[in-house]
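File shown here: work_34.cif, holding mmCIF, C-alpha atoms.
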data_protein
loop_
_atom_site.label_atom_id
_atom_site.label_comp_id
_atom_site.auth_asym_id
_atom_site.auth_seq_id
_atom_site.Cartn_x
_atom_site.Cartn_y
_atom_site.Cartn_z
CA MET J 224 16.37 23.51 42.31
CA GLN J 225 16.35 24.92 38.77
CA LEU J 226 12.56 24.90 38.56
CA ARG J 227 12.26 27.44 41.39
CA LYS J 228 13.94 30.02 39.17
CA LEU J 229 11.45 29.61 36.33
CA ASN J 230 8.09 30.98 35.34
CA ILE J 231 6.01 27.91 34.52
CA VAL J 232 2.70 27.56 32.66
CA ALA J 233 0.83 24.24 32.75
CA ILE J 234 -1.96 23.73 30.20
CA GLY J 235 -4.68 21.07 30.18
CA GLY J 236 -7.67 19.83 32.10
CA GLY J 237 -9.15 17.08 34.21
CA HIS J 238 -7.21 15.35 36.93
CA GLY J 239 -3.97 15.47 34.91
CA LEU J 240 -3.54 19.23 35.14
CA GLY J 241 -4.62 19.20 38.79
CA ARG J 242 -1.88 16.67 39.54
CA VAL J 243 0.77 18.79 37.79
CA LEU J 244 -0.32 21.96 39.57
CA LEU J 245 -0.34 20.21 42.94
CA THR J 246 3.13 18.82 42.23
CA LEU J 247 4.46 22.28 41.39
CA SER J 248 2.45 24.23 43.98
CA PHE J 249 5.69 25.13 45.79
CA MET J 250 6.22 27.58 42.88
CA GLY J 251 3.50 29.86 44.28
CA ASN J 252 2.73 32.79 41.99
CA LYS J 253 5.46 31.75 39.53
CA LEU J 254 3.12 28.95 38.40
CA THR J 255 0.06 29.47 36.16
CA GLY J 256 -2.52 26.92 35.11
CA ILE J 257 -4.49 27.44 31.88
CA VAL J 258 -7.55 25.22 32.16
CA THR J 259 -9.73 23.55 29.53
CA THR J 260 -13.35 24.77 29.70
CA THR J 261 -15.27 22.56 27.23
CA ASP J 262 -16.64 19.84 29.54
CA ASN J 263 -20.34 19.13 28.96
CA GLY J 264 -20.90 16.22 31.34
CA GLY J 265 -21.99 15.71 34.94
CA SER J 266 -22.75 18.67 37.19
CA THR J 267 -20.94 21.05 34.84
CA GLY J 268 -22.97 19.88 31.84
CA ARG J 269 -26.26 20.34 33.70
CA LEU J 270 -25.32 23.92 34.60
CA ARG J 271 -24.30 24.63 31.00
CA LYS J 272 -27.69 23.40 29.77
CA ARG J 273 -29.42 25.73 32.21
CA LYS J 274 -27.54 28.81 31.05
CA SER J 275 -24.69 29.47 28.65
CA THR J 276 -21.52 29.38 30.78
CA ILE J 277 -17.97 28.12 30.62
CA ALA J 278 -17.37 24.62 31.98
CA TRP J 279 -16.45 25.04 35.64
CA GLY J 280 -15.62 21.43 36.55
CA ASP J 281 -11.92 21.32 35.67
CA LEU J 282 -11.31 24.75 37.22
CA ARG J 283 -13.03 23.63 40.41
CA ASN J 284 -10.94 20.45 40.46
CA CYS J 285 -7.71 22.44 40.13
CA LEU J 286 -8.75 24.82 42.91
CA THR J 287 -9.54 21.98 45.30
CA GLN J 288 -6.29 20.18 44.43
CA LEU J 289 -4.34 23.31 45.37
CA ALA J 290 -6.31 24.22 48.49
CA ASP J 291 -5.62 23.02 52.03
CA LYS J 292 -7.57 19.75 52.21
CA ASN J 293 -8.26 20.23 55.94
CA ALA J 294 -9.74 23.72 55.58
CA ILE J 295 -13.53 23.93 55.83
CA GLY J 296 -13.63 26.10 52.70
CA SER J 297 -11.93 23.37 50.70
CA GLN J 298 -14.25 20.69 52.06
CA LEU J 299 -17.32 22.78 51.21
CA PHE J 300 -16.00 23.52 47.74
CA ASP J 301 -15.53 19.79 47.06
CA PHE J 302 -18.87 18.69 48.55
CA ARG J 303 -21.16 16.74 46.23
CA PHE J 304 -24.91 16.32 46.81
CA ASP J 305 -26.29 12.79 46.71
CA GLY J 306 -29.79 11.64 45.82
CA GLU J 307 -31.76 11.88 42.59
CA ASP J 308 -33.49 15.23 43.04
CA ASP J 309 -32.50 18.49 41.33
CA LEU J 310 -29.42 18.87 43.55
CA GLY J 311 -28.35 15.24 43.31
CA GLY J 312 -24.95 14.87 41.61
CA HIS J 313 -24.17 18.58 41.73
CA ASN J 314 -20.86 19.70 43.18
CA LEU J 315 -21.11 22.65 45.56
CA GLY J 316 -17.96 24.20 44.12
CA ASN J 317 -19.46 24.18 40.62
CA LEU J 318 -22.63 25.82 41.96
CA MET J 319 -20.61 28.48 43.79
CA LEU J 320 -18.54 29.33 40.71
CA TYR J 321 -21.69 29.39 38.58
CA ALA J 322 -23.36 31.76 41.06
CA LEU J 323 -20.29 33.97 41.33
CA GLU J 324 -20.11 34.27 37.56
CA ASN J 325 -23.56 35.87 37.70
CA LEU J 326 -22.48 38.22 40.52
CA GLN J 327 -18.98 39.14 39.30
CA SER J 328 -18.07 40.97 36.12
CA SER J 329 -16.24 37.99 34.58
CA PRO J 330 -15.37 34.31 35.15
CA LEU J 331 -11.81 35.33 35.97
CA ASP J 332 -13.03 37.63 38.75
CA SER J 333 -14.97 34.68 40.18
CA ILE J 334 -11.90 32.42 40.09
CA ASN J 335 -9.72 35.03 41.77
CA LEU J 336 -12.29 35.53 44.54
CA VAL J 337 -12.37 31.79 45.24
CA ARG J 338 -8.55 31.68 45.14
CA ARG J 339 -8.49 34.28 47.91
CA ILE J 340 -11.06 32.34 49.95
CA LEU J 341 -9.13 29.05 49.57
CA ARG J 342 -5.71 30.77 49.85
CA VAL J 343 -4.51 29.39 46.53
CA LYS J 344 -1.40 31.26 45.34
CA THR J 345 -1.16 29.62 41.91
CA GLN J 346 -2.80 31.68 39.18
CA LEU J 347 -5.61 29.77 37.44
CA LEU J 348 -6.99 30.97 34.12
CA PRO J 349 -9.77 29.58 31.92
CA MET J 350 -8.60 28.97 28.36
CA SER J 351 -11.33 31.48 27.42
CA GLU J 352 -13.96 33.40 29.35
CA THR J 353 -16.46 32.74 26.55
CA PRO J 354 -18.49 29.49 26.50
CA THR J 355 -17.59 27.05 23.73
CA ASP J 356 -17.89 23.36 22.84
CA LEU J 357 -15.76 20.79 21.06
CA MET J 358 -16.79 19.74 17.55
CA ALA J 359 -15.11 16.69 16.02
CA PHE J 360 -15.19 15.65 12.36
CA TYR J 361 -14.94 12.10 11.05
CA PRO J 362 -12.73 11.56 7.97
CA GLU J 363 -15.87 11.33 5.76
CA GLY J 364 -17.22 14.63 7.08
CA ARG J 365 -19.81 13.67 9.74
CA CYS J 366 -19.39 15.51 13.04
CA ARG J 367 -19.96 15.11 16.75
CA LEU J 368 -20.62 17.96 19.16
CA GLY J 369 -19.59 18.00 22.81
CA GLU J 370 -16.69 16.71 24.87
CA LEU J 371 -18.50 13.53 25.97
CA SER J 372 -19.20 12.59 22.35
CA VAL J 373 -15.58 13.14 21.32
CA ASP J 374 -14.12 10.70 23.84
CA ASP J 375 -16.75 8.12 22.77
CA MET J 376 -15.74 8.21 19.09
CA PRO J 377 -14.63 4.79 17.77
CA ILE J 378 -11.83 6.32 15.67
CA MET J 379 -9.67 9.44 15.81
CA PRO J 380 -11.39 12.51 14.41
CA LYS J 381 -9.78 14.04 11.36
CA ASN J 382 -10.30 17.52 12.77
CA LEU J 383 -11.30 19.08 16.06
CA MET J 384 -12.52 22.64 16.44
CA LEU J 385 -14.27 24.94 18.89
CA ALA J 386 -17.85 26.03 18.29
CA PRO J 387 -18.00 28.96 18.52
CA LEU J 388 -14.43 30.13 18.04
CA VAL J 389 -13.30 32.05 21.12
CA LYS J 390 -10.45 34.27 22.23
CA ALA J 391 -8.11 33.85 25.18
CA SER J 392 -7.86 36.43 27.94
CA PRO J 393 -4.82 38.75 27.88
CA SER J 394 -3.70 37.10 31.14
CA CYS J 395 -3.30 33.74 29.33
CA LEU J 396 -1.22 35.26 26.58
CA ASP J 397 0.97 37.22 29.00
CA ALA J 398 1.62 34.09 31.06
CA ILE J 399 2.70 32.11 27.99
CA LYS J 400 4.83 34.98 26.71
CA ASN J 401 6.69 35.22 30.02
CA ALA J 402 6.99 31.45 30.61
CA ASP J 403 10.36 29.74 30.73
CA LEU J 404 8.70 26.33 30.75
CA ILE J 405 5.32 25.40 29.21
CA ILE J 406 3.80 22.03 30.14
CA LEU J 407 1.15 20.22 28.07
CA GLY J 408 -0.58 17.22 29.67
CA PRO J 409 -0.90 14.65 31.02
CA GLY J 410 -4.56 13.87 30.51
CA SER J 411 -7.05 13.00 27.82
CA PHE J 412 -5.40 13.99 24.54
CA LEU J 413 -8.52 15.13 22.70
CA THR J 414 -10.57 16.62 25.54
CA SER J 415 -7.99 17.97 28.02
CA VAL J 416 -4.74 18.74 26.16
CA ILE J 417 -6.00 19.80 22.73
CA PRO J 418 -8.89 22.25 23.47
CA PRO J 419 -6.66 25.14 24.69
CA LEU J 420 -4.51 24.72 21.56
CA LEU J 421 -7.65 25.25 19.46
CA VAL J 422 -7.89 28.79 20.87
CA ARG J 423 -5.91 30.46 18.12
CA ASP J 424 -4.49 33.15 20.43
CA ILE J 425 -3.07 30.46 22.73
CA SER J 426 -1.59 28.27 19.99
CA ASN J 427 -0.01 31.31 18.33
CA ALA J 428 1.47 32.42 21.66
CA ILE J 429 3.00 28.96 22.20
CA ILE J 430 4.31 28.87 18.61
CA GLU J 431 6.02 32.23 19.25
CA ARG J 432 7.26 31.11 22.71
CA LYS J 433 10.60 32.04 24.19
CA GLY J 434 10.36 29.21 26.72
CA HIS J 435 10.69 25.44 26.40
CA CYS J 436 7.48 23.43 25.76
CA VAL J 437 7.27 19.87 27.08
CA PHE J 438 4.58 17.24 26.56
CA ILE J 439 3.99 14.84 29.49
CA ASP J 440 2.80 11.41 28.38
CA ASN J 441 0.09 9.45 30.18
CA ILE J 442 1.08 6.49 32.36
CA VAL J 443 -1.85 4.26 31.43
CA PRO J 444 -3.84 4.23 28.15
CA GLU J 445 -6.75 6.65 28.20
CA GLN J 446 -10.35 5.77 27.39
CA SER J 447 -10.50 7.50 24.01
CA PRO J 448 -9.55 6.88 20.36
CA ALA J 449 -6.18 8.53 21.09
CA ALA J 450 -5.19 5.60 23.32
CA ASN J 451 -3.49 3.70 20.49
CA LEU J 452 -1.52 6.62 19.04
CA SER J 453 2.26 6.76 19.31
CA LEU J 454 3.87 10.00 20.44
CA ASP J 455 4.73 11.01 16.86
CA GLU J 456 1.20 10.19 15.70
CA LYS J 457 -0.10 12.56 18.38
CA PHE J 458 2.41 15.23 17.35
CA ASN J 459 1.52 14.84 13.65
CA TRP J 460 -2.18 15.16 14.54
CA ILE J 461 -1.47 18.38 16.47
CA GLU J 462 0.46 19.81 13.53
CA ASP J 463 -2.31 18.88 11.07
CA ASN J 464 -4.93 20.59 13.25
CA ILE J 465 -3.20 23.81 14.33
CA GLY J 466 -0.66 24.19 11.52
CA SER J 467 2.47 23.79 13.65
CA LEU J 468 4.00 21.60 16.32
CA PRO J 469 4.62 23.84 19.36
CA ILE J 470 6.43 21.16 21.38
CA ASP J 471 10.17 20.85 22.04
CA SER J 472 10.37 17.67 24.11
CA ALA J 473 8.35 14.89 25.71
CA ILE J 474 8.60 13.04 29.01
CA THR J 475 7.42 9.43 29.00
CA HIS J 476 7.65 6.44 31.32
CA ASP J 477 7.47 4.10 28.27
CA LYS J 478 11.03 2.95 27.60
CA GLN J 479 10.04 1.83 24.08
CA ALA J 480 8.64 5.22 23.04
CA LYS J 481 10.50 6.99 20.25
CA SER J 482 10.11 10.21 18.32
CA GLU J 483 11.51 11.69 15.16
CA ARG J 484 9.82 14.99 15.93
CA VAL J 485 10.97 16.04 19.43
CA ASN J 486 13.52 15.19 22.09
CA ILE J 487 12.45 12.35 24.39
CA LEU J 488 13.23 11.87 28.07
CA HIS J 489 12.52 8.33 29.33
CA GLN J 490 11.93 8.33 33.06
CA ASP J 491 9.95 6.37 35.64
CA LEU J 492 6.95 8.48 36.63
CA VAL J 493 4.65 5.93 38.28
CA HIS J 494 3.34 6.50 41.80
CA ASN J 495 4.35 3.60 44.05
CA GLU J 496 0.85 3.21 45.50
CA VAL J 497 -1.50 4.51 42.77
CA ALA J 498 -0.37 3.03 39.46
CA HIS J 499 -2.28 5.51 37.24
CA HIS J 500 -0.91 8.60 39.06
CA HIS J 501 2.29 10.47 38.30
CA ASP J 502 4.48 10.50 41.41
CA LYS J 503 5.19 14.05 42.60
CA GLU J 504 8.90 13.69 43.32
CA LYS J 505 9.50 11.68 40.14
CA LEU J 506 7.65 14.26 38.06
CA ILE J 507 9.61 17.15 39.58
CA ASN J 508 12.85 15.28 38.90
CA ALA J 509 11.80 14.55 35.31
CA LEU J 510 10.88 18.18 34.61
CA GLU J 511 14.17 19.31 36.11
CA ASN J 512 16.13 16.82 34.00
CA CYS J 513 14.18 17.70 30.86
CA PHE J 514 14.75 21.42 31.24
CA ASN J 515 18.44 21.04 32.01
CA LYS J 516 19.00 18.62 29.12
CA PHE J 517 16.86 20.09 26.34
CA ALA J 518 16.01 23.73 27.06
CA SER J 519 17.66 26.24 24.81
CA PRO J 520 20.92 27.75 26.11
CA LYS J 521 19.30 31.17 25.96
CA VAL J 522 16.50 30.24 28.37
CA ALA J 523 18.87 28.41 30.71
CA SER J 524 21.48 31.17 30.78
CA GLU J 525 18.89 33.86 31.51
CA LYS J 526 18.04 32.04 34.74
CA GLU J 527 21.59 31.36 35.94
#

Translate the structure of the given file into structure tokens.
Amino acid sequence: MQLRKLNIVAIGGGHGLGRVLLTLSFMGNKLTGIVTTTDNGGSTGRLRKRKSTIAWGDLRNCLTQLADKNAIGSQLFDFRFDGEDDLGGHNLGNLMLYALENLQSSPLDSINLVRRILRVKTQLLPMSETPTDLMAFYPEGRCRLGELSVDDMPIMPKNLMLAPLVKASPSCLDAIKNADLIILGPGSFLTSVIPPLLVRDISNAIIERKGHCVFIDNIVPEQSPAANLSLDEKFNWIEDNIGSLPIDSAITHDKQAKSERVNILHQDLVHNEVAHHHDKEKLINALENCFNKFASPKVASEKE
């Protein structure tokens, strides 16, 4: 399998990134996930209101996706308190990561400690170790603050930015620099895929990439103003917001999808039992086909 020879970086958030990382978990330490950290809802949002911290929810989700589901550590990490008291709705994994952040020297140290506990080989990195939020601007200039508000917008924002602006860790930049394949998506376009690209260090590293960058399309329309955008409208929006289009190809299950901006691979990706999930074997096959068909000869030949 060609993918086994590659260094792969997957970028995004939510369940989409978790699904990609689980699919490619056979890559072990040759796989890196760079995770969105702007969530301000649910258990994560409550912790962020208590004290300034990065959003732990998507990182926790990725860790539990990659861990052995039968292990007691994994079950504890995914445990959610019920009831309506102070603990009600909180996820134990979020609380553990929040506590570890206060005990360790950095969020990354906390993640690596939990990786060792859960025996997760895949490297997981927050898009930044500094807390930040999404800020979206309407075409007429009004703005909305916070990830929850962005997905609830009735129209696409003209611009999206991070407040405050933050830097990526050197580990993120090294992973992108050494990647043969960079994966963006699937997931919520505005709140999972885009936030890491708003970290200027990360977008610059992808723009200067040696590897091939592929965008994975969603299977079902998302619940956000980006739901009605075509692939090229999404790509144009990315270019308008970060000044470049750091994408070489796209994988989509939609046979009618077209693009004048990047190469398109049309392939069935739908899970046979869960219609909104990408099927693991189909996704592996699509990534393999995409890399073999569209990756630059230089990248391909270096791995022969």

Considering only C-alpha atoms, state which residue in the set J:Arg432, J:His313, J:His476, J:Arg484 is at the smallest distance from Ala498 (chain J).
J:His476

Which of these, J:Lys272, J:Gly312, J:Val232, J:Lys253, has the shortest distance to Ile425 (chain J) once you count all atoms listed in the file?
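Of all the options, J:Val232 lies closest to Ile425 (chain J).
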
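Of the listed residues (J:Val343, J:Ala386, J:Ala473, J:Ala402), J:Val343 comes nearest to Gly296 (chain J); the distances count all atoms listed in the file.
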
Interatomic distance (Å, one decimal) between CA of Leu331 (chain J) and CA of Met350 (chain J):
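These atoms are spaced 10.4 Å apart.
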
Of the residues J:Asp305, J:Asp471, J:Asp262, J:Glu483, which is the one nearest to Ile429 (chain J), using all atoms listed in the file?
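Checking each of J:Asp305, J:Asp471, J:Asp262, J:Glu483 against Ile429 (chain J), counting all atoms listed in the file, the winner is J:Asp471.
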
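For the file shown, the residue list from the PyMOL selection byres ((chain J and resi 407) around 9) reads Val232, Ala233, Ile234, Gly235, Leu240, Ile405, Ile406, Gly408, Pro409, Gly410, Val416, Ile417, Cys436, Val437, Phe438, Ile439, Asp440 and Ile470 of chain J.
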
For this file, the PyMOL selection byres ((chain J and resi 452-459) around 10) selects which residues, as a ChimeraX atom specification?
/J:379,412-413,438,440,444,448-451,460-464,466-470,473,475,480-485,487

Could you write those residues out with C-alpha atoms, as a JSON list (two decimals), keeping the file's coordinate frame?
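Here's the written file out11.json:
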[["chain", "number", "residue", "atom", "x", "y", "z"],
["J", 379, "MET", "CA", -9.67, 9.44, 15.81],
["J", 412, "PHE", "CA", -5.40, 13.99, 24.54],
["J", 413, "LEU", "CA", -8.52, 15.13, 22.70],
["J", 438, "PHE", "CA", 4.58, 17.24, 26.56],
["J", 440, "ASP", "CA", 2.80, 11.41, 28.38],
["J", 444, "PRO", "CA", -3.84, 4.23, 28.15],
["J", 448, "PRO", "CA", -9.55, 6.88, 20.36],
["J", 449, "ALA", "CA", -6.18, 8.53, 21.09],
["J", 450, "ALA", "CA", -5.19, 5.60, 23.32],
["J", 451, "ASN", "CA", -3.49, 3.70, 20.49],
["J", 460, "TRP", "CA", -2.18, 15.16, 14.54],
["J", 461, "ILE", "CA", -1.47, 18.38, 16.47],
["J", 462, "GLU", "CA", 0.46, 19.81, 13.53],
["J", 463, "ASP", "CA", -2.31, 18.88, 11.07],
["J", 464, "ASN", "CA", -4.93, 20.59, 13.25],
["J", 466, "GLY", "CA", -0.66, 24.19, 11.52],
["J", 467, "SER", "CA", 2.47, 23.79, 13.65],
["J", 468, "LEU", "CA", 4.00, 21.60, 16.32],
["J", 469, "PRO", "CA", 4.62, 23.84, 19.36],
["J", 470, "ILE", "CA", 6.43, 21.16, 21.38],
["J", 473, "ALA", "CA", 8.35, 14.89, 25.71],
["J", 475, "THR", "CA", 7.42, 9.43, 29.00],
["J", 480, "ALA", "CA", 8.64, 5.22, 23.04],
["J", 481, "LYS", "CA", 10.50, 6.99, 20.25],
["J", 482, "SER", "CA", 10.11, 10.21, 18.32],
["J", 483, "GLU", "CA", 11.51, 11.69, 15.16],
["J", 484, "ARG", "CA", 9.82, 14.99, 15.93],
["J", 485, "VAL", "CA", 10.97, 16.04, 19.43],
["J", 487, "ILE", "CA", 12.45, 12.35, 24.39]]

Every residue with an atom at most 7 Å from (-21.6, 30.1, 26.6) (file coordinates; all atoms listed in the file) is what I'm after, so could you write them as a list in words?
Ser275, Thr276, Ile277, Thr353, Pro354 and Thr355 of chain J

Of J:Asp291, J:Glu370, J:Glu363, J:Asp397, the one sitting nearest Pro418 (chain J) when using all atoms listed in the file is J:Glu370

Protein/DNA/RNA residues near (-9.0, 27.3, 22.3), cut 8 Å, only C-alpha atoms, as a PyMOL selection string:
chain J and resi 350-351+385+388-391+418-426

Find the spatial neighbours of Ser329 (chain J), counting all atoms listed in the file, within a cut-off of 8 Å - ignore same-chain residues fewer than 4 positions away - and output them as a ChimeraX atom specification.
/J:324,333,352

Just how far from CA of Ser415 (chain J) is CA of Asn382 (chain J), in Å to one decimal?
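We find that CA of Asn382 (chain J) and CA of Ser415 (chain J) lie 15.4 Å from each other.
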
d(CA of Gln490 (chain J), CA of Leu245 (chain J)) in Å
19.7 Å

Hits from the PyMOL selection byres ((chain J and resi 504) around 12), listed as JSON, numbers by chain:
{"J": [242, 243, 245, 246, 247, 490, 491, 492, 493, 494, 495, 500, 501, 502, 503, 505, 506, 507, 508, 509, 510, 511]}

Between J:Cys285, J:Asp308, J:His435, J:Cys513, which one has atoms that come closest to Asn401 (chain J), using only C-alpha atoms?
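Selected residue with least distance to Asn401 (chain J): J:His435.
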
Residues near Met250 (chain J), cut-off 10 Å, only C-alpha atoms, skip fewer than 2 positions along chain, as JSON, numbers by chain
{"J": [226, 227, 228, 229, 230, 231, 244, 245, 246, 247, 248, 252, 253, 254, 255, 344, 345]}

Nearby residues (all atoms listed in the file) at most 10 Å from Leu323 (chain J), same-chain spacing under 6 positions excluded, as an MDAnalysis selection string:
chainID J and resid 317 329:330 332:334 336:337
